[in-house]
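Here is entry.cif, consisting of mmCIF, C-alpha atoms:
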data_protein
#
loop_
_atom_site.label_atom_id
_atom_site.label_comp_id
_atom_site.auth_asym_id
_atom_site.auth_seq_id
_atom_site.Cartn_x
_atom_site.Cartn_y
_atom_site.Cartn_z
CA MET I 1 0.00 0.00 0.00
CA LYS I 2 1.34 3.40 -0.97
CA THR I 3 0.67 6.70 0.77
CA PRO I 4 -0.85 9.58 -1.23
CA GLU I 5 2.50 11.42 -0.99
CA GLU I 6 4.37 8.43 -2.40
CA LEU I 7 1.86 8.14 -5.24
CA LYS I 8 2.17 11.85 -5.97
CA GLU I 9 5.93 11.54 -6.12
CA LEU I 10 5.68 8.54 -8.45
CA VAL I 11 3.31 10.44 -10.73
CA GLN I 12 5.74 13.37 -10.83
CA GLN I 13 8.66 11.09 -11.69
CA ALA I 14 6.61 9.23 -14.32
CA LYS I 15 5.61 12.56 -15.85
CA TYR I 16 9.27 13.34 -16.43
CA GLY I 17 9.84 10.08 -18.26
CA ASP I 18 10.74 7.70 -15.43
CA SER I 19 9.31 4.41 -16.73
CA GLY I 20 10.21 2.68 -13.45
CA ALA I 21 7.93 5.07 -11.57
CA PHE I 22 5.16 4.44 -14.09
CA SER I 23 5.54 0.67 -13.71
CA SER I 24 5.07 1.13 -9.93
CA LEU I 25 1.91 3.09 -10.69
CA TYR I 26 0.39 0.48 -12.97
CA ASP I 27 1.35 -2.22 -10.50
CA PHE I 28 -0.70 -0.32 -7.95
CA TYR I 29 -3.67 0.60 -10.16
CA LEU I 30 -3.83 -2.43 -12.46
CA THR I 31 -6.28 -4.50 -10.40
CA PRO I 32 -8.74 -1.68 -9.52
CA ILE I 33 -8.84 -0.43 -13.10
CA PHE I 34 -9.24 -3.95 -14.46
CA ARG I 35 -12.04 -4.67 -11.97
CA PHE I 36 -13.82 -1.43 -12.83
CA ILE I 37 -13.69 -2.31 -16.52
CA TYR I 38 -14.50 -5.98 -15.95
CA PHE I 39 -17.96 -5.22 -14.53
CA ARG I 40 -18.70 -2.88 -17.40
CA VAL I 41 -17.87 -5.13 -20.37
CA ARG I 42 -18.83 -8.55 -21.70
CA SER I 43 -15.83 -10.75 -21.08
CA LYS I 44 -12.62 -10.98 -19.14
CA GLU I 45 -10.70 -10.89 -22.41
CA ASP I 46 -12.32 -7.60 -23.38
CA ALA I 47 -11.63 -6.23 -19.89
CA GLU I 48 -7.94 -7.16 -20.18
CA ASP I 49 -7.61 -5.62 -23.64
CA LEU I 50 -9.27 -2.40 -22.48
CA THR I 51 -7.17 -2.25 -19.30
CA GLN I 52 -4.03 -2.52 -21.41
CA HIS I 53 -5.37 0.23 -23.65
CA VAL I 54 -6.05 2.47 -20.63
CA PHE I 55 -2.47 2.21 -19.37
CA VAL I 56 -0.98 2.82 -22.80
CA LYS I 57 -3.24 5.89 -23.18
CA ALA I 58 -2.26 7.11 -19.71
CA TRP I 59 1.44 6.71 -20.51
CA GLY I 60 0.99 8.73 -23.68
CA ALA I 61 -1.00 11.50 -22.02
CA LEU I 62 0.84 11.70 -18.70
CA GLY I 63 2.76 14.78 -19.86
CA ASP I 64 -0.54 16.70 -20.02
CA PHE I 65 -1.69 15.63 -16.56
CA GLU I 66 -1.56 18.50 -14.07
CA GLN I 67 -1.30 17.33 -10.48
CA GLU I 68 -2.34 20.52 -8.70
CA GLY I 69 -5.58 19.77 -6.91
CA LYS I 70 -6.28 16.74 -9.09
CA SER I 71 -6.14 13.09 -8.25
CA PHE I 72 -4.19 10.72 -10.50
CA SER I 73 -6.57 7.86 -9.72
CA ALA I 74 -9.58 10.00 -10.73
CA TRP I 75 -7.79 10.84 -14.00
CA LEU I 76 -7.05 7.15 -14.61
CA TYR I 77 -10.64 6.10 -13.86
CA ARG I 78 -11.86 8.78 -16.24
CA ILE I 79 -9.71 7.32 -19.01
CA ALA I 80 -11.08 3.86 -18.12
CA ARG I 81 -14.65 5.12 -18.18
CA ASN I 82 -14.22 6.80 -21.58
CA THR I 83 -12.59 3.65 -22.91
CA THR I 84 -15.57 1.51 -21.88
CA ILE I 85 -18.00 4.06 -23.34
CA ASP I 86 -16.11 3.83 -26.66
CA TYR I 87 -16.19 0.03 -26.38
CA TRP I 88 -19.99 0.02 -26.05
CA ARG I 89 -20.38 2.49 -28.88
CA LYS I 90 -18.55 0.07 -31.15
CA LYS I 91 -20.45 -2.97 -29.86
CA LYS I 92 -23.88 -1.37 -29.55
CA SER I 93 -25.61 -3.55 -32.11
CA THR I 94 -24.23 -6.90 -30.92
CA PRO I 95 -26.28 -8.75 -28.24
CA LEU I 96 -24.84 -9.71 -24.86
CA ASP I 97 -23.23 -13.12 -24.61
CA PRO I 98 -24.23 -14.67 -21.27
CA ALA I 99 -21.78 -17.55 -21.65
CA SER I 100 -18.67 -15.37 -21.78
CA PRO I 101 -15.67 -16.93 -20.04
CA ILE I 102 -14.56 -15.43 -16.74
CA PHE I 103 -11.89 -16.06 -14.12
CA HIS I 104 -8.71 -17.73 -15.17
CA ASN I 105 -6.81 -16.21 -12.32
CA LYS I 106 -3.77 -18.16 -11.19
CA GLN I 107 -3.19 -15.92 -8.21
CA ASP I 108 -6.64 -16.22 -6.69
CA VAL I 109 -6.66 -16.07 -2.90
CA HIS I 110 -9.20 -18.91 -2.67
CA PRO I 111 -7.69 -22.16 -3.86
CA ASN I 112 -10.83 -24.19 -3.06
CA PRO I 113 -12.29 -25.15 -6.47
CA GLY I 114 -15.90 -25.29 -5.24
CA GLU I 115 -15.71 -21.89 -3.66
CA LEU I 116 -14.01 -20.51 -6.75
CA ALA I 117 -16.75 -21.82 -9.03
CA GLU I 118 -19.37 -20.24 -6.77
CA GLN I 119 -17.53 -16.91 -6.89
CA LYS I 120 -17.28 -17.08 -10.66
CA GLU I 121 -20.97 -17.64 -10.95
CA GLU I 122 -21.84 -14.82 -8.59
CA ALA I 123 -19.47 -12.38 -10.25
CA GLU I 124 -21.04 -13.25 -13.60
CA HIS I 125 -24.55 -12.65 -12.19
CA ILE I 126 -23.50 -9.33 -10.75
CA ARG I 127 -21.83 -8.28 -13.96
CA GLN I 128 -24.94 -9.06 -15.96
CA ALA I 129 -27.10 -7.29 -13.39
CA LEU I 130 -24.92 -4.18 -13.60
CA HIS I 131 -25.56 -4.07 -17.35
CA ILE I 132 -29.23 -3.38 -16.60
CA LEU I 133 -28.27 -0.02 -15.11
CA ASN I 134 -27.62 3.03 -17.23
CA GLU I 135 -24.05 4.14 -17.87
CA ASP I 136 -23.91 6.66 -15.02
CA GLN I 137 -25.42 4.25 -12.48
CA GLN I 138 -23.05 1.46 -13.57
CA THR I 139 -20.02 3.70 -13.11
CA ILE I 140 -21.21 5.10 -9.79
CA VAL I 141 -22.32 1.81 -8.24
CA THR I 142 -19.12 0.04 -9.34
CA LEU I 143 -16.88 2.81 -8.03
CA LYS I 144 -18.78 3.14 -4.76
CA PHE I 145 -19.50 -0.42 -3.73
CA ILE I 146 -16.90 -2.52 -5.56
CA GLU I 147 -13.98 -0.07 -5.64
CA GLY I 148 -14.88 1.54 -2.32
CA LEU I 149 -14.34 5.15 -3.45
CA SER I 150 -15.87 8.09 -1.60
CA ASN I 151 -18.64 10.20 -3.12
CA ALA I 152 -16.17 13.10 -3.46
CA GLU I 153 -13.76 10.90 -5.45
CA ILE I 154 -16.59 9.62 -7.65
CA SER I 155 -17.76 13.18 -8.17
CA ALA I 156 -14.28 14.07 -9.50
CA ILE I 157 -14.38 11.12 -11.91
CA VAL I 158 -17.86 11.51 -13.36
CA GLY I 159 -18.07 15.31 -13.08
CA LYS I 160 -21.36 15.39 -11.16
CA SER I 161 -22.33 16.79 -7.78
CA GLU I 162 -22.22 14.57 -4.70
CA GLY I 163 -26.01 14.87 -4.43
CA ALA I 164 -26.40 13.50 -7.95
CA ILE I 165 -23.99 10.70 -7.07
CA ARG I 166 -26.06 9.73 -4.01
CA GLN I 167 -29.25 9.77 -6.09
CA ALA I 168 -27.74 7.55 -8.79
CA GLN I 169 -26.46 5.12 -6.13
CA SER I 170 -29.87 4.85 -4.51
CA ARG I 171 -31.65 4.29 -7.85
CA GLY I 172 -29.03 1.82 -8.99
CA LEU I 173 -29.30 -0.20 -5.78
CA LYS I 174 -33.08 -0.36 -6.07
CA VAL I 175 -32.88 -1.71 -9.62
CA LEU I 176 -30.27 -4.25 -8.57
CA ARG I 177 -32.31 -5.35 -5.55
CA LEU I 178 -35.33 -6.06 -7.73
CA HIS I 179 -33.20 -7.92 -10.26
CA PHE I 180 -31.49 -9.99 -7.55
CA LYS I 181 -34.85 -10.86 -6.00
CA GLU I 182 -36.34 -11.88 -9.34
CA ASN I 183 -33.34 -14.11 -10.02
CA ASN I 184 -33.17 -15.51 -6.45
CA ILE I 185 -29.69 -14.10 -5.92
CA ILE I 186 -30.67 -12.61 -2.54
CA MET W 1 -72.33 22.37 -6.40
CA ILE W 2 -71.49 18.83 -5.41
CA LYS W 3 -69.13 18.59 -2.48
CA GLN W 4 -66.89 15.53 -2.48
CA THR W 5 -66.29 13.97 0.90
CA ARG W 6 -63.60 11.50 1.87
CA ASP W 7 -64.61 8.07 2.95
CA PRO W 8 -62.40 7.24 5.98
CA ALA W 9 -62.86 3.49 5.51
CA ALA W 10 -61.79 3.61 1.84
CA SER W 11 -58.79 5.72 2.72
CA ALA W 12 -57.69 3.21 5.38
CA SER W 13 -58.02 0.28 3.04
CA ARG W 14 -56.05 2.15 0.34
CA LYS W 15 -53.28 2.81 2.86
CA GLN W 16 -53.09 -0.90 3.58
CA ALA W 17 -53.01 -1.77 -0.12
CA ASP W 18 -50.18 0.68 -0.92
CA PRO W 19 -47.45 0.29 1.66
CA PRO W 20 -44.88 3.10 1.96
CA LYS W 21 -42.18 3.05 -0.71
CA PHE W 22 -39.28 2.90 1.75
CA SER W 23 -39.47 0.34 4.50
CA LYS W 24 -36.87 -1.21 6.80
CA ALA W 25 -37.20 -4.42 4.86
CA ASP W 26 -36.29 -2.61 1.64
CA PHE W 27 -33.25 -1.07 3.26
CA GLY W 28 -32.22 -4.51 4.43
CA GLY W 29 -32.58 -5.74 0.86
CA GLU W 30 -30.30 -3.03 -0.40
CA GLN W 31 -27.78 -3.85 2.31
CA LYS W 32 -27.65 -7.37 0.90
CA VAL W 33 -27.02 -5.95 -2.58
CA ILE W 34 -24.23 -3.79 -1.18
CA GLN W 35 -22.67 -6.81 0.54
CA LYS W 36 -22.79 -8.78 -2.71
CA LEU W 37 -21.13 -5.93 -4.57
CA GLU W 38 -18.47 -5.39 -1.93
CA ALA W 39 -17.57 -9.08 -2.00
CA GLN W 40 -16.48 -8.66 -5.62
CA LYS W 41 -13.52 -6.53 -4.61
CA ASN W 42 -11.47 -9.57 -3.68
CA ALA W 43 -13.03 -11.92 -6.18
CA VAL W 44 -12.01 -10.33 -9.47
CA LYS W 45 -8.39 -9.98 -10.46
CA PRO W 46 -6.60 -9.71 -13.79
CA SER W 47 -4.50 -12.56 -15.06
CA GLN W 48 -0.76 -12.57 -14.59
CA GLN W 49 -0.35 -12.30 -18.37
CA LEU W 50 -2.00 -8.89 -18.45
CA LEU W 51 0.80 -7.27 -16.49
CA SER W 52 3.44 -8.77 -18.80
CA ARG W 53 1.41 -7.68 -21.84
CA ILE W 54 1.26 -4.09 -20.59
CA ILE W 55 4.97 -4.07 -19.77
CA ALA W 56 5.77 -5.42 -23.24
CA GLN W 57 3.60 -2.86 -24.99
CA LEU W 58 4.83 0.07 -22.94
CA SER W 59 8.42 -0.88 -23.64
CA VAL W 60 7.83 -0.51 -27.40
CA GLU W 61 5.55 2.52 -27.08
CA GLU W 62 7.01 5.92 -27.78
CA GLN W 63 7.79 7.64 -24.51
CA PRO W 64 6.72 11.24 -24.85
CA GLN W 65 7.99 11.94 -21.35
CA SER W 66 11.57 11.37 -22.47
CA PHE W 67 11.67 15.07 -23.41
CA GLY W 68 11.63 15.74 -19.70
CA PRO W 69 9.84 18.58 -17.92
CA PHE W 70 9.58 20.57 -21.15
CA TYR W 71 7.76 17.83 -23.00
CA LYS W 72 4.56 19.85 -22.91
CA GLU W 73 6.30 22.72 -24.60
CA THR W 74 6.98 20.50 -27.62
CA SER W 75 3.35 19.97 -28.50
CA VAL W 76 1.89 21.79 -31.48
CA PHE W 77 -0.69 23.48 -29.30
CA THR W 78 2.01 24.94 -27.07
CA TRP W 79 4.03 26.15 -30.04
CA VAL W 80 0.95 27.89 -31.38
CA ARG W 81 0.31 29.33 -27.93
CA PHE W 82 3.83 30.79 -27.84
CA ALA W 83 3.88 31.88 -31.47
CA LEU W 84 0.59 33.81 -31.33
CA PRO W 85 1.78 36.58 -28.95
CA VAL W 86 4.96 37.00 -31.03
CA VAL W 87 2.91 37.35 -34.21
CA ALA W 88 0.60 39.80 -32.44
CA VAL W 89 3.53 41.95 -31.25
CA VAL W 90 5.04 42.01 -34.75
CA LEU W 91 1.70 43.03 -36.24
CA VAL W 92 1.20 45.82 -33.70
CA ALA W 93 4.74 47.06 -34.33
CA ALA W 94 4.14 47.02 -38.10
CA VAL W 95 0.90 48.97 -37.74
CA PHE W 96 2.60 51.49 -35.44
CA VAL W 97 5.52 52.03 -37.81
CA GLY W 98 3.13 52.28 -40.73
CA THR W 99 0.97 54.94 -39.09
CA ARG W 100 3.98 56.80 -37.64
CA PHE W 101 5.64 57.35 -41.02
CA ALA W 102 2.54 57.43 -43.14
CA GLY W 103 2.22 61.19 -42.57
CA GLN W 104 5.42 61.89 -44.50
CA THR W 105 4.03 60.66 -47.77
CA PRO W 106 2.01 63.29 -49.58
CA LEU W 107 -1.62 62.32 -49.71
CA PRO W 108 -3.19 61.99 -53.13
CA VAL W 109 -5.03 65.11 -54.18
CA PRO W 110 -7.83 65.49 -56.71
CA ALA W 111 -6.42 66.25 -60.11
CA GLN W 112 -7.52 69.46 -61.64
CA ASN W 113 -8.84 69.48 -65.18
CA SER W 114 -9.17 65.71 -65.18
CA GLY W 115 -11.43 65.96 -68.15
CA GLN W 116 -14.15 63.86 -66.60
CA GLN W 117 -16.99 65.33 -64.70
CA GLY W 118 -18.58 63.68 -61.76
CA ILE W 119 -15.71 61.26 -61.16
CA ALA W 120 -13.00 62.27 -58.77
CA GLN W 121 -9.61 61.65 -60.33
CA PHE W 122 -6.65 61.40 -58.04
CA GLU W 123 -2.99 61.68 -58.87
CA THR W 124 0.10 61.84 -56.76
CA PRO W 125 1.83 65.23 -57.27
CA VAL W 126 5.39 64.99 -58.60
CA ILE W 127 7.77 67.53 -57.15
CA GLU W 128 10.30 68.58 -59.78
CA GLN W 129 13.26 70.90 -59.27
CA PRO W 130 13.61 73.14 -62.37
CA LEU W 131 17.19 73.31 -63.71
CA SER W 132 18.77 76.70 -64.21
CA ILE W 133 19.98 77.69 -67.66
CA ALA W 134 23.58 77.68 -66.44
CA ALA W 135 23.23 74.14 -65.15
CA ILE W 136 21.75 72.98 -68.45
CA GLU W 137 24.63 74.54 -70.37
CA THR W 138 27.23 72.88 -68.12
CA GLU W 139 25.58 69.54 -68.54
CA GLN W 140 25.46 69.90 -72.31
CA LYS W 141 29.12 70.86 -72.36
CA GLN W 142 30.03 67.74 -70.44
CA ILE W 143 28.11 65.60 -72.87
CA ASP W 144 29.79 67.23 -75.85
CA GLN W 145 33.25 66.74 -74.44
CA GLY W 146 32.38 63.15 -73.63
CA PRO W 147 34.29 62.77 -70.34
CA ILE W 148 32.10 59.92 -69.25
CA TYR W 149 32.77 58.13 -72.50
CA GLU W 150 36.51 58.42 -72.08
CA ASP W 151 36.46 57.34 -68.49
CA PHE W 152 34.37 54.36 -69.23
CA PHE W 153 36.34 53.09 -72.22
CA ALA W 154 39.87 53.35 -70.95
CA ASP W 155 41.19 51.22 -73.76
CA GLU W 156 41.81 53.55 -76.63
CA LYS W 157 41.85 50.83 -79.24
CA GLN W 158 38.42 49.68 -78.22
CA MET W 159 37.18 53.25 -78.31
CA GLN W 160 38.45 53.74 -81.82
CA GLU W 161 36.68 50.61 -82.94
CA ILE W 162 33.45 51.91 -81.54
CA GLU W 163 33.91 55.30 -83.14
CA THR W 164 34.61 53.64 -86.52
CA THR W 165 31.47 51.57 -86.15
CA LEU W 166 29.43 54.61 -85.25
CA ALA W 167 30.88 56.59 -88.21
CA GLY W 168 29.56 53.85 -90.53
CA PHE W 169 26.04 54.80 -89.58
#
Show this structure as structure tokens.
Amino acid sequence: MKTPEELKELVQQAKYGDSGAFSSLYDFYLTPIFRFIYFRVRSKEDAEDLTQHVFVKAWGALGDFEQEGKSFSAWLYRIARNTTIDYWRKKKSTPLDPASPIFHNKQDVHPNPGELAEQKEEAEHIRQALHILNEDQQTIVTLKFIEGLSNAEISAIVGKSEGAIRQAQSRGLKVLRLHFKENNII
Amino acid sequence: MIKQTRDPAASASRKQADPPKFSKADFGGEQKVIQKLEAQKNAVKPSQQLLSRIIAQLSVEEQPQSFGPFYKETSVFTWVRFALPVVAVVLVAAVFVGTRFAGQTPLPVPAQNSGQQGIAQFETPVIEQPLSIAAIETEQKQIDQGPIYEDFFADEKQMQEIETTLAGF
């Protein structure tokens, strides 16, 4: 775990061309960004491709990133969000594939195969349920409840007021609750 | 006028039929949704190959940061941003110089006796210095003596050739 000061320093060094500092940054942000994208797209493969794209984009645009008063993670999540929006624009006409493969993680913390299969299934259900929400609700619910970001941080990413964020969360949760109930998930 | 009155019994039964939108049970339901979502934080992780893929791609990607802290200054936008004030200063200077010395040029004046009525004809006045008679005579003398000719053609032989040629005409 890195402190905000350490992260700021790494961003500064990466901005001036230090690839080692940037590799520390993507080591730190890889999983959260991947997870954020994973729940927004159709397959793990797509999520990995888009995550890679996000980091390449970030590396290219890092010179334009101004740190003063801005969070690097918010900037990175914004790139990720725009990347997924572009992804859906391209795939708009193609229907959702419910049998998309998920979870081939070698480093999973739960080695029990039964438990792992259960987790896979649940993650797939949740991912499909999140697709029922609109784009804003998907982003906000994922960032709030899966990524654990504060409303202020989410507000910086999506560019909406904290009141609007709270409203979208509440609406999103209601839709999810109904969907989970209908599908006997809860 | 017909006055509508509320039936207390109907109102009570309606209240029973439409329970309030937000109940404790609903909140509990949403808590379960939140728990399900929060559990995903540790459940989803990228594959090990993704990290290697990113490292491989970034190593071949152009590194714009290699220009150092002045990288930003190398972008087209920044060049334009710096060039615009310079262009503006040059333009202002040119306009200033133009207006400052413009007064020394005589302004065009309407030509008199232009021969056309109703249309203003302009011409720039030409200032000529009239030569005195003495000056004209001196100049003529110089031409007759041909000093310029002699100076120019120093080679006498060449000069003779030219004179012979001219005599032929």
Residues of chain I no more than 8 Å from chain W, counting only C-alpha atoms: send them over as a PyMOL selection string.
chain I and resi 14-18+23+27+30-31+34-35+48+52+55-56+59-60+62-64+103-108+119+123+126+142+145-148+173-174+176-177+180+186
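Note that the spacing between CA of Asp86 in chain I and CA of Leu50 in chain I amounts to 10.2 Å.
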Could you list, as a ChimeraX atom specification, every residue matched by the PyMOL selection byres ((chain I and resi 136) around 10) in this structure?
/I:81,133-135,137-142,158,160,165,168-169,172
Could you please take those selected residues and save C-alpha atoms as an mmCIF file, in the frame of the given file?
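The resulting file, part.cif, is reproduced below:
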data_model
loop_
_atom_site.group_PDB
_atom_site.id
_atom_site.type_symbol
_atom_site.label_atom_id
_atom_site.label_comp_id
_atom_site.auth_asym_id
_atom_site.auth_seq_id
_atom_site.Cartn_x
_atom_site.Cartn_y
_atom_site.Cartn_z
ATOM 1 C CA ARG I 81 -14.650 5.120 -18.180
ATOM 2 C CA LEU I 133 -28.270 -0.020 -15.110
ATOM 3 C CA ASN I 134 -27.620 3.030 -17.230
ATOM 4 C CA GLU I 135 -24.050 4.140 -17.870
ATOM 5 C CA GLN I 137 -25.420 4.250 -12.480
ATOM 6 C CA GLN I 138 -23.050 1.460 -13.570
ATOM 7 C CA THR I 139 -20.020 3.700 -13.110
ATOM 8 C CA ILE I 140 -21.210 5.100 -9.790
ATOM 9 C CA VAL I 141 -22.320 1.810 -8.240
ATOM 10 C CA THR I 142 -19.120 0.040 -9.340
ATOM 11 C CA VAL I 158 -17.860 11.510 -13.360
ATOM 12 C CA LYS I 160 -21.360 15.390 -11.160
ATOM 13 C CA ILE I 165 -23.990 10.700 -7.070
ATOM 14 C CA ALA I 168 -27.740 7.550 -8.790
ATOM 15 C CA GLN I 169 -26.460 5.120 -6.130
ATOM 16 C CA GLY I 172 -29.030 1.820 -8.990
#
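In this structure, CA of Glu6 in chain I sits 15.1 Å away from CA of Lys70 in chain I.
Atom to atom, CA of His53 in chain I and CA of Ile33 in chain I stand 11.1 Å apart.
When all atoms listed in the file are used to measure the gap to Ala47 in chain I, the shortest distance among I:Phe72, I:Met1, I:Ser170, I:Arg127 belongs to I:Arg127.
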